[in-house]
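Structure first, then comments.
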Amino acid sequence: MNLKINKKITKQKRRSASQWAVAWRRFKRNKAGVAGLFIVLAVVFVGIFGDMLAPYPAFPDPKALTPFYNGDVRTPPNSKYLLGTDTLGTDVLSNILHGTKYALYVGVVVTAITMAIAIVVGAVAGYFGSWIDNVLMRITEVFLVFPSLLFILVFVRVFTLGAGAGGTFNFLGINIPIGLTIVIIVLAVFNWPGNARMIRGEFLRVRELEFIEAEKALGASNKRIIFRHILPNILSSIIVVASLTIAYAILLEAAVSFLGFGDVNTVTWGQILENNFSDMRIVWWAEVFPGLAILITVFGFNLLGDGLADALNPRLRD
Amino acid sequence: MKGSNLSRLRTFVRSSMFRYIVRRMLYMIPVALGISLISFVTLYAAGDPISLIRAGKPNITQETIDAMRTYYGLDQPIPLQYLSWLLNILQLNFGKSLYGGQPVNLIIGPRIWPTIELQIVSLVIAFAISIPIAISSAKKPYSKQDVTVTSLSLFGVSMPTFWFGLILIILFSFTLGWLPSAGSQGVAGFLWWGNPILDGLAHLILPVAVLVYVSLAQNIRLIRANMLEVLRSDYILAARASGISERKVVYKYALRNAVTPAITFLGISLGSMIAGAPMTEYVFSWPGLGRQYVASTLSLDFPVVMGITMIITVMTLVANLIMDLLYVYIDPRVRLR
């Protein structure tokens, strides 16, 4: 009996580490990457529990204006309002806490759509090549060369007009703002070309490797080669790019909202900055702290992405 | 003397460089047309701008609206509107603003130079600073200096452009009172540092600082990454093995190869740089194209939006051409086709 257990342990010890275990070990040694992971986990925590942590509710709720009715408009940070109140008479700390979930919503959904389009386009272009590749690459080039923020602003403006940006829709019991979702879709539509190019490059690289040739010789179908062999091999790159795309999407949404194109009824971080921009000389705290929230969140995702790149990219392995 | 100039011109016209430039310019035409078509269709298919503008002003009568539609040619079908817009553009006539019928040329014209000024000054300063920093940090990867530089530049990439501007304004204009917070020049009688030239300079400092900081972070990350790759390659090993000084290896052999991909990237990122202008210009109330674009898009002034879109498209395409020519100049392996 005892012997058996011992045998089991030694067997486990001898088993060679999987690719992911090796990557995790490498990742753990990277202090910046671990710090990024902690920041991201903290932001996710605030995103989930922010509504409960916040002293006041978010804007469409009339109770958000409680400080206003108490006569506390543009109050500098003090013990009652830790980060002060803004020019509308709402609590800045509450707004930031409520905004966290929107930032994550933007980051994750934009990235999901972007990566879905990018993987399909990149896979088709990289694997099948020929004219499909040519057409796709010309399209992505135009997207990359042209200043897409200009298009994003026009599209957001035009679509929010058409859809009546005020409302929310119910998805799995959660009320999701329509205006913000329109912004997300537009951001995703203009964001995929760079990622598609990267994935195409990865497909081109892996397609030429010998084991794919062997697989072809064994008579594997295209579908099997793409999904069972190439995709798992480029999964690490996809994860890294996804992490960086989340960061970029959060930044872009903040910019769109700050310029006045966002969903006015949804208090995203960019929206707080926009609301207080004209009174900035007085309510500087309502500009500094939401911006810090953006900075920390985006920095966390970027650190995580960089750490993952170092851990997963075999080319840089010593 | 004159004859030699003429023959020099003749050789230039026959050269592959000249043919390349001409071909690239011809290639710009369909791209510009495509972009104009996409923007035009998006804007005008979204709805009749007059009724969109009218939504906030219920007192306008139907006759006024009809008269305005006829005045702006909006009663025509969209393909016809596009064609007449295109014909006007070819004569450099950008149409009339929907607010008061002011010619778009008069709105856009004075705003072109401030934008170009801001972009060029920032671009030059950013590149001049980023190359030496990136090299010294790539030479000793994962040293203390390198870690500081990479994390600082990652910090820079993570910072919202416009927010950095806000912080600078709060710090240097509101708190310290050293620099102006808005505009490109002071009013007569209230000039910064007492003279119009210094006044212009004072207004430039903060916006340029923002643009430099943002592109600096991108440049450093990119050049450093390329430099690391290049320094790992076999020919650098060979150069070192043959006893060439480290300085020569880095600056003569590695730098050229590290900077070339950066220039390609620069061409690609130029679009996003020019697109970043609206944010900086908005924050600093800079009287440029970007700020006007934001205002006109918000107020649905479609002719102005179209005009600025076209000018920025052409600016981007020309800048890309210049980048490509620079690329050929730096990397002789690249052949002009």
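Each chain in the structure tokens gets a letter, A, B, ..., in the order shown, and its residues are numbered from 1; ligands are numbered from 1 in order too.
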Shell around A:Glu202 at 9 Å using only C-alpha atoms, local window under 5 positions removed, as a ChimeraX atom specification: /A:122-123,126,197,207,230,234,237
Can you write out the residues you just picked, keeping N, CA, C and O atoms, as a PDB file, in the first residue's frame?
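Writing done, so here's result-v8.pdb:
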ATOM      1  N   GLY A 122      -7.614  36.259 -40.461  1.00  0.00           N
ATOM      2  CA  GLY A 122      -6.205  35.878 -40.457  1.00  0.00           C
ATOM      3  C   GLY A 122      -6.007  34.433 -40.857  1.00  0.00           C
ATOM      4  O   GLY A 122      -5.076  34.099 -41.600  1.00  0.00           O
ATOM      5  N   ALA A 123      -6.899  33.542 -40.392  1.00  0.00           N
ATOM      6  CA  ALA A 123      -6.772  32.126 -40.703  1.00  0.00           C
ATOM      7  C   ALA A 123      -6.997  31.890 -42.191  1.00  0.00           C
ATOM      8  O   ALA A 123      -6.202  31.198 -42.854  1.00  0.00           O
ATOM      9  N   GLY A 126      -4.058  33.552 -44.096  1.00  0.00           N
ATOM     10  CA  GLY A 126      -2.769  32.922 -43.848  1.00  0.00           C
ATOM     11  C   GLY A 126      -2.716  31.479 -44.316  1.00  0.00           C
ATOM     12  O   GLY A 126      -1.682  31.000 -44.767  1.00  0.00           O
ATOM     13  N   ARG A 197      -3.810  40.918 -39.264  1.00  0.00           N
ATOM     14  CA  ARG A 197      -2.491  40.866 -39.888  1.00  0.00           C
ATOM     15  C   ARG A 197      -1.539  40.005 -39.075  1.00  0.00           C
ATOM     16  O   ARG A 197      -0.793  39.183 -39.611  1.00  0.00           O
ATOM     17  N   ARG A 207       2.195  27.265 -40.773  1.00  0.00           N
ATOM     18  CA  ARG A 207       1.789  26.445 -41.919  1.00  0.00           C
ATOM     19  C   ARG A 207       2.982  25.769 -42.571  1.00  0.00           C
ATOM     20  O   ARG A 207       2.879  24.660 -43.099  1.00  0.00           O
ATOM     21  N   ILE A 230      -2.903  24.152 -35.961  1.00  0.00           N
ATOM     22  CA  ILE A 230      -2.327  25.504 -36.040  1.00  0.00           C
ATOM     23  C   ILE A 230      -2.830  26.380 -34.893  1.00  0.00           C
ATOM     24  O   ILE A 230      -2.046  27.010 -34.198  1.00  0.00           O
ATOM     25  N   ILE A 234      -0.724  28.759 -32.053  1.00  0.00           N
ATOM     26  CA  ILE A 234      -0.607  30.220 -32.009  1.00  0.00           C
ATOM     27  C   ILE A 234      -1.457  30.795 -30.885  1.00  0.00           C
ATOM     28  O   ILE A 234      -1.607  32.011 -30.776  1.00  0.00           O
ATOM     29  N   SER A 237       0.185  33.577 -28.797  1.00  0.00           N
ATOM     30  CA  SER A 237       0.184  34.915 -29.405  1.00  0.00           C
ATOM     31  C   SER A 237      -1.190  35.544 -29.304  1.00  0.00           C
ATOM     32  O   SER A 237      -1.322  36.748 -29.057  1.00  0.00           O
TER      33      SER A 237
END
Distance table requested - chain A against chain B, cut-off 8 Å, only C-alpha atoms: one row per qualifying residue with the closest atom pair and its distance in Å to one decimal, ordered by chain and rising residue number, as JSON lines.
{"residue": "A:Val142", "atom": "CA", "partner": "B:Val31", "partner_atom": "CA", "distance": 7.6}
{"residue": "A:Leu144", "atom": "CA", "partner": "B:Ile268", "partner_atom": "CA", "distance": 6.0}
{"residue": "A:Val145", "atom": "CA", "partner": "B:Ile268", "partner_atom": "CA", "distance": 5.3}
{"residue": "A:Phe146", "atom": "CA", "partner": "B:Gly271", "partner_atom": "CA", "distance": 5.2}
{"residue": "A:Pro147", "atom": "CA", "partner": "B:Gly271", "partner_atom": "CA", "distance": 4.1}
{"residue": "A:Ser148", "atom": "CA", "partner": "B:Ala275", "partner_atom": "CA", "distance": 6.9}
{"residue": "A:Leu149", "atom": "CA", "partner": "B:Ala275", "partner_atom": "CA", "distance": 5.5}
{"residue": "A:Leu150", "atom": "CA", "partner": "B:Ala275", "partner_atom": "CA", "distance": 6.4}
{"residue": "A:Phe151", "atom": "CA", "partner": "B:Ser39", "partner_atom": "CA", "distance": 7.6}
{"residue": "A:Leu153", "atom": "CA", "partner": "B:Thr297", "partner_atom": "CA", "distance": 7.4}
{"residue": "A:Val154", "atom": "CA", "partner": "B:Thr297", "partner_atom": "CA", "distance": 6.3}
{"residue": "A:Phe155", "atom": "CA", "partner": "B:Thr42", "partner_atom": "CA", "distance": 7.5}
{"residue": "A:Arg157", "atom": "CA", "partner": "B:Leu298", "partner_atom": "CA", "distance": 6.9}
{"residue": "A:Val158", "atom": "CA", "partner": "B:Ala46", "partner_atom": "CA", "distance": 6.1}
{"residue": "A:Phe159", "atom": "CA", "partner": "B:Ala46", "partner_atom": "CA", "distance": 7.6}
{"residue": "A:Gly162", "atom": "CA", "partner": "B:Ala46", "partner_atom": "CA", "distance": 7.4}
{"residue": "A:Ala247", "atom": "CA", "partner": "B:Ser158", "partner_atom": "CA", "distance": 7.5}
{"residue": "A:Leu251", "atom": "CA", "partner": "B:Pro160", "partner_atom": "CA", "distance": 6.0}
{"residue": "A:Ala254", "atom": "CA", "partner": "B:Pro160", "partner_atom": "CA", "distance": 7.8}
{"residue": "A:Ala255", "atom": "CA", "partner": "B:Met279", "partner_atom": "CA", "distance": 7.3}
{"residue": "A:Leu259", "atom": "CA", "partner": "B:Val294", "partner_atom": "CA", "distance": 7.1}
{"residue": "A:Gly260", "atom": "CA", "partner": "B:Leu298", "partner_atom": "CA", "distance": 7.7}
{"residue": "A:Phe261", "atom": "CA", "partner": "B:Leu298", "partner_atom": "CA", "distance": 7.3}
{"residue": "A:Met280", "atom": "CA", "partner": "B:Ile170", "partner_atom": "CA", "distance": 8.0}
{"residue": "A:Arg281", "atom": "CA", "partner": "B:Phe174", "partner_atom": "CA", "distance": 6.7}
{"residue": "A:Trp284", "atom": "CA", "partner": "B:Ile170", "partner_atom": "CA", "distance": 7.1}
{"residue": "A:Glu287", "atom": "CA", "partner": "B:Leu166", "partner_atom": "CA", "distance": 7.5}
{"residue": "A:Val288", "atom": "CA", "partner": "B:Ile167", "partner_atom": "CA", "distance": 7.0}
{"residue": "A:Gly291", "atom": "CA", "partner": "B:Trp163", "partner_atom": "CA", "distance": 6.1}
{"residue": "A:Ile294", "atom": "CA", "partner": "B:Pro160", "partner_atom": "CA", "distance": 7.6}
{"residue": "A:Leu295", "atom": "CA", "partner": "B:Met159", "partner_atom": "CA", "distance": 5.2}
{"residue": "A:Ile296", "atom": "CA", "partner": "B:Ser158", "partner_atom": "CA", "distance": 7.9}
{"residue": "A:Val298", "atom": "CA", "partner": "B:Ser158", "partner_atom": "CA", "distance": 5.3}
{"residue": "A:Phe299", "atom": "CA", "partner": "B:Ser158", "partner_atom": "CA", "distance": 5.0}
{"residue": "A:Asn302", "atom": "CA", "partner": "B:Ser158", "partner_atom": "CA", "distance": 7.1}
{"residue": "A:Leu303", "atom": "CA", "partner": "B:Leu154", "partner_atom": "CA", "distance": 7.6}
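For the atom pair formed by atom CA of A:Leu273 and atom CA of A:Ser257, the distance is 8.3 Å, given to one decimal.
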Picked from stretch 18-198 of chain B by DSSP as alpha helix (DSSP H), as number ranges by chain: B: 18-45, 49-54, 62-72, 78-90, 104-139, 144-158, 161-168, 196-198
Run DSSP on the backbone and give me the residues of stretch 159-249 of chain A it puts in strand (DSSP E or B), as an mmCIF file with all heavy atoms, in the first residue's frame.
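The file below, part-v3.cif, is the result:
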data_model
loop_
_atom_site.group_PDB
_atom_site.id
_atom_site.type_symbol
_atom_site.label_atom_id
_atom_site.label_comp_id
_atom_site.auth_asym_id
_atom_site.auth_seq_id
_atom_site.Cartn_x
_atom_site.Cartn_y
_atom_site.Cartn_z
ATOM 1 N N THR A 168 -31.649 50.901 -22.273
ATOM 2 C CA THR A 168 -30.833 49.736 -21.959
ATOM 3 C C THR A 168 -31.552 48.517 -22.515
ATOM 4 O O THR A 168 -32.733 48.573 -22.825
ATOM 5 C CB THR A 168 -30.675 49.543 -20.443
ATOM 6 O OG1 THR A 168 -31.982 49.409 -19.877
ATOM 7 C CG2 THR A 168 -29.966 50.701 -19.809
ATOM 8 N N PHE A 169 -30.832 47.425 -22.678
ATOM 9 C CA PHE A 169 -31.482 46.173 -23.028
ATOM 10 C C PHE A 169 -31.069 45.114 -22.027
ATOM 11 O O PHE A 169 -30.020 45.232 -21.375
ATOM 12 C CB PHE A 169 -31.168 45.745 -24.463
ATOM 13 C CG PHE A 169 -29.736 45.364 -24.696
ATOM 14 C CD1 PHE A 169 -29.330 44.030 -24.618
ATOM 15 C CD2 PHE A 169 -28.793 46.325 -25.009
ATOM 16 C CE1 PHE A 169 -28.016 43.683 -24.837
ATOM 17 C CE2 PHE A 169 -27.486 45.984 -25.235
ATOM 18 C CZ PHE A 169 -27.087 44.666 -25.144
ATOM 19 N N ASN A 170 -31.925 44.109 -21.906
ATOM 20 C CA ASN A 170 -31.691 43.111 -20.878
ATOM 21 C C ASN A 170 -31.009 41.891 -21.481
ATOM 22 O O ASN A 170 -31.486 41.322 -22.450
ATOM 23 C CB ASN A 170 -33.030 42.702 -20.269
ATOM 24 C CG ASN A 170 -32.830 42.050 -18.929
ATOM 25 O OD1 ASN A 170 -32.143 41.050 -18.836
ATOM 26 N ND2 ASN A 170 -33.426 42.635 -17.902
ATOM 27 N N PHE A 171 -29.859 41.531 -20.916
ATOM 28 C CA PHE A 171 -29.160 40.350 -21.389
ATOM 29 C C PHE A 171 -28.798 39.494 -20.177
ATOM 30 O O PHE A 171 -28.044 39.930 -19.308
ATOM 31 C CB PHE A 171 -27.909 40.759 -22.159
ATOM 32 C CG PHE A 171 -27.155 39.594 -22.732
ATOM 33 C CD1 PHE A 171 -27.647 38.905 -23.837
ATOM 34 C CD2 PHE A 171 -25.961 39.182 -22.168
ATOM 35 C CE1 PHE A 171 -26.957 37.833 -24.363
ATOM 36 C CE2 PHE A 171 -25.264 38.104 -22.695
ATOM 37 C CZ PHE A 171 -25.766 37.429 -23.792
ATOM 38 N N ILE A 174 -29.040 41.178 -16.888
ATOM 39 C CA ILE A 174 -28.240 42.373 -16.624
ATOM 40 C C ILE A 174 -28.694 43.471 -17.579
ATOM 41 O O ILE A 174 -28.864 43.225 -18.779
ATOM 42 C CB ILE A 174 -26.738 42.091 -16.841
ATOM 43 C CG1 ILE A 174 -26.305 40.888 -16.008
ATOM 44 C CG2 ILE A 174 -25.914 43.323 -16.499
ATOM 45 C CD1 ILE A 174 -24.956 40.348 -16.383
ATOM 46 N N ASN A 175 -28.891 44.676 -17.080
ATOM 47 C CA ASN A 175 -29.255 45.786 -17.945
ATOM 48 C C ASN A 175 -28.003 46.363 -18.574
ATOM 49 O O ASN A 175 -27.094 46.818 -17.879
ATOM 50 C CB ASN A 175 -29.986 46.873 -17.152
ATOM 51 C CG ASN A 175 -31.431 46.501 -16.922
ATOM 52 O OD1 ASN A 175 -32.045 45.804 -17.743
ATOM 53 N ND2 ASN A 175 -31.974 46.946 -15.808
ATOM 54 N N ILE A 176 -27.977 46.320 -19.913
ATOM 55 C CA ILE A 176 -26.799 46.800 -20.621
ATOM 56 C C ILE A 176 -27.171 48.031 -21.430
ATOM 57 O O ILE A 176 -28.140 48.012 -22.181
ATOM 58 C CB ILE A 176 -26.247 45.694 -21.539
ATOM 59 C CG1 ILE A 176 -25.765 44.524 -20.674
ATOM 60 C CG2 ILE A 176 -25.112 46.223 -22.389
ATOM 61 C CD1 ILE A 176 -25.398 43.312 -21.453
ATOM 62 N N PRO A 177 -26.412 49.145 -21.269
ATOM 63 C CA PRO A 177 -26.741 50.365 -21.995
ATOM 64 C C PRO A 177 -26.557 50.207 -23.505
ATOM 65 O O PRO A 177 -25.527 49.694 -23.961
ATOM 66 C CB PRO A 177 -25.772 51.400 -21.417
ATOM 67 C CG PRO A 177 -24.777 50.656 -20.636
ATOM 68 C CD PRO A 177 -25.299 49.313 -20.321
#
For B:Gln185, find every residue with an atom within 7 Å (counting only C-alpha atoms), except residues of its own chain fewer than 2 positions away, and show them as a short mmCIF file (atom, residue, chain, number, x, y, z; two decimals) with C-alpha atoms, in the first residue's frame.
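Resulting contents of selection-v7.cif:
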data_model
loop_
_atom_site.label_atom_id
_atom_site.label_comp_id
_atom_site.auth_asym_id
_atom_site.auth_seq_id
_atom_site.Cartn_x
_atom_site.Cartn_y
_atom_site.Cartn_z
CA GLY B 183 -5.29 78.39 -28.10
CA VAL B 187 -4.70 88.29 -27.73
CA ASP B 199 3.95 83.84 -27.34
CA GLY B 200 3.46 81.29 -30.12
CA HIS B 203 1.33 78.05 -26.64
#
Taking only C-alpha atoms into account, produce a table as a Markdown table in which each residue of stretch 206-322 of chain B with an atom at most 12 Å from an atom of stretch 131-146 of chain B appears once, together with its shortest atom pair and the distance in Å to one decimal, ordered by chain and rising number.
| residue | atom | partner | partner_atom | distance |
| --- | --- | --- | --- | --- |
| B:Leu216 | CA | B:Ile131 | CA | 9.4 |
| B:Ala217 | CA | B:Ala134 | CA | 9.9 |
| B:Gln218 | CA | B:Ala134 | CA | 10.6 |
| B:Asn219 | CA | B:Ile131 | CA | 7.9 |
| B:Ile220 | CA | B:Ala134 | CA | 5.0 |
| B:Arg221 | CA | B:Ala134 | CA | 7.3 |
| B:Leu222 | CA | B:Ala134 | CA | 8.4 |
| B:Ile223 | CA | B:Ala134 | CA | 6.0 |
| B:Arg224 | CA | B:Ala134 | CA | 4.9 |
| B:Ala225 | CA | B:Ala138 | CA | 7.6 |
| B:Asn226 | CA | B:Ala138 | CA | 8.9 |
| B:Met227 | CA | B:Ala138 | CA | 6.1 |
| B:Leu228 | CA | B:Ala138 | CA | 5.7 |
| B:Glu229 | CA | B:Ala138 | CA | 9.5 |
| B:Val230 | CA | B:Ala138 | CA | 10.0 |
| B:Leu231 | CA | B:Lys139 | CA | 8.1 |
| B:Arg232 | CA | B:Lys139 | CA | 10.7 |
| B:Glu246 | CA | B:Lys139 | CA | 9.9 |
| B:Arg247 | CA | B:Lys139 | CA | 10.4 |
| B:Val249 | CA | B:Lys139 | CA | 10.9 |
| B:Val250 | CA | B:Lys139 | CA | 8.1 |
| B:Tyr251 | CA | B:Ile135 | CA | 8.7 |
| B:Ala254 | CA | B:Ile135 | CA | 9.5 |
| B:Leu255 | CA | B:Ile135 | CA | 7.9 |
| B:Arg256 | CA | B:Ile131 | CA | 11.1 |
| B:Ala258 | CA | B:Ile135 | CA | 9.3 |
| B:Val259 | CA | B:Ile131 | CA | 8.4 |
| B:Ala262 | CA | B:Ile131 | CA | 10.2 |
| B:Ile263 | CA | B:Ile131 | CA | 11.8 |
Output N, CA, C and O atoms of each residue in that selection to a file, as a short mmCIF file (atom, residue, chain, number, x, y, z; two decimals), in the first residue's frame.
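Output (again.cif):
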data_model
loop_
_atom_site.label_atom_id
_atom_site.label_comp_id
_atom_site.auth_asym_id
_atom_site.auth_seq_id
_atom_site.Cartn_x
_atom_site.Cartn_y
_atom_site.Cartn_z
N LEU B 216 6.63 59.08 -28.20
CA LEU B 216 7.92 58.69 -27.65
C LEU B 216 7.84 57.27 -27.09
O LEU B 216 8.67 56.41 -27.38
N ALA B 217 6.79 57.03 -26.30
CA ALA B 217 6.64 55.72 -25.69
C ALA B 217 6.55 54.64 -26.76
O ALA B 217 7.23 53.62 -26.69
N GLN B 218 5.73 54.89 -27.80
CA GLN B 218 5.59 53.91 -28.88
C GLN B 218 6.92 53.67 -29.58
O GLN B 218 7.33 52.53 -29.79
N ASN B 219 7.60 54.78 -29.94
CA ASN B 219 8.86 54.66 -30.67
C ASN B 219 9.89 53.88 -29.89
O ASN B 219 10.55 52.98 -30.43
N ILE B 220 10.05 54.23 -28.60
CA ILE B 220 11.07 53.58 -27.80
C ILE B 220 10.80 52.07 -27.73
O ILE B 220 11.70 51.26 -27.96
N ARG B 221 9.56 51.70 -27.47
CA ARG B 221 9.23 50.28 -27.37
C ARG B 221 9.56 49.56 -28.66
O ARG B 221 10.11 48.46 -28.66
N LEU B 222 9.24 50.20 -29.77
CA LEU B 222 9.42 49.55 -31.06
C LEU B 222 10.89 49.43 -31.43
O LEU B 222 11.38 48.35 -31.79
N ILE B 223 11.63 50.56 -31.33
CA ILE B 223 13.04 50.53 -31.73
C ILE B 223 13.82 49.60 -30.80
O ILE B 223 14.69 48.85 -31.24
N ARG B 224 13.48 49.62 -29.52
CA ARG B 224 14.18 48.74 -28.57
C ARG B 224 13.95 47.28 -28.95
O ARG B 224 14.88 46.48 -28.99
N ALA B 225 12.69 46.92 -29.26
CA ALA B 225 12.39 45.54 -29.62
C ALA B 225 13.17 45.12 -30.86
O ALA B 225 13.77 44.04 -30.90
N ASN B 226 13.19 45.99 -31.88
CA ASN B 226 13.92 45.67 -33.11
C ASN B 226 15.41 45.55 -32.84
O ASN B 226 16.08 44.67 -33.37
N MET B 227 15.92 46.48 -32.01
CA MET B 227 17.34 46.49 -31.69
C MET B 227 17.72 45.18 -31.00
O MET B 227 18.76 44.59 -31.32
N LEU B 228 16.87 44.72 -30.08
CA LEU B 228 17.14 43.47 -29.38
C LEU B 228 17.25 42.32 -30.38
O LEU B 228 18.16 41.50 -30.31
N GLU B 229 16.31 42.28 -31.31
CA GLU B 229 16.31 41.21 -32.33
C GLU B 229 17.57 41.27 -33.16
O GLU B 229 18.23 40.25 -33.39
N VAL B 230 17.90 42.50 -33.61
CA VAL B 230 19.05 42.66 -34.49
C VAL B 230 20.33 42.26 -33.76
O VAL B 230 21.18 41.55 -34.30
N LEU B 231 20.45 42.69 -32.48
CA LEU B 231 21.68 42.41 -31.74
C LEU B 231 21.86 40.91 -31.51
O LEU B 231 22.95 40.44 -31.23
N ARG B 232 20.78 40.15 -31.61
CA ARG B 232 20.84 38.71 -31.44
C ARG B 232 21.27 38.00 -32.72
O ARG B 232 21.56 36.81 -32.70
N GLU B 246 32.63 47.85 -30.30
CA GLU B 246 31.23 47.71 -29.93
C GLU B 246 30.41 48.90 -30.45
O GLU B 246 29.30 48.75 -30.95
N ARG B 247 31.02 50.08 -30.34
CA ARG B 247 30.36 51.30 -30.79
C ARG B 247 29.98 51.20 -32.26
O ARG B 247 28.88 51.51 -32.67
N VAL B 249 29.75 48.48 -34.04
CA VAL B 249 28.77 47.41 -34.24
C VAL B 249 27.37 47.94 -34.02
O VAL B 249 26.46 47.73 -34.84
N VAL B 250 27.21 48.67 -32.90
CA VAL B 250 25.86 49.12 -32.55
C VAL B 250 25.37 50.20 -33.51
O VAL B 250 24.28 50.10 -34.07
N TYR B 251 26.20 51.24 -33.69
CA TYR B 251 25.69 52.39 -34.44
C TYR B 251 25.76 52.20 -35.94
O TYR B 251 24.98 52.77 -36.69
N ALA B 254 23.98 47.71 -36.45
CA ALA B 254 22.68 47.35 -35.88
C ALA B 254 21.63 48.44 -36.09
O ALA B 254 20.48 48.16 -36.45
N LEU B 255 22.02 49.71 -35.90
CA LEU B 255 21.02 50.78 -35.88
C LEU B 255 20.19 50.84 -37.15
O LEU B 255 18.98 50.89 -37.13
N ARG B 256 20.89 50.79 -38.31
CA ARG B 256 20.17 50.87 -39.58
C ARG B 256 19.09 49.81 -39.66
O ARG B 256 17.96 50.06 -40.05
N ALA B 258 17.71 48.24 -37.25
CA ALA B 258 16.68 48.36 -36.22
C ALA B 258 15.70 49.48 -36.55
O ALA B 258 14.54 49.43 -36.17
N VAL B 259 16.20 50.51 -37.24
CA VAL B 259 15.35 51.67 -37.49
C VAL B 259 14.41 51.43 -38.68
O VAL B 259 13.30 51.95 -38.71
N ALA B 262 11.07 50.29 -37.82
CA ALA B 262 10.42 51.37 -37.08
C ALA B 262 9.80 52.37 -38.04
O ALA B 262 8.75 52.95 -37.77
N ILE B 263 10.48 52.58 -39.19
CA ILE B 263 9.94 53.55 -40.14
C ILE B 263 8.69 53.01 -40.82
O ILE B 263 7.71 53.74 -41.01
#
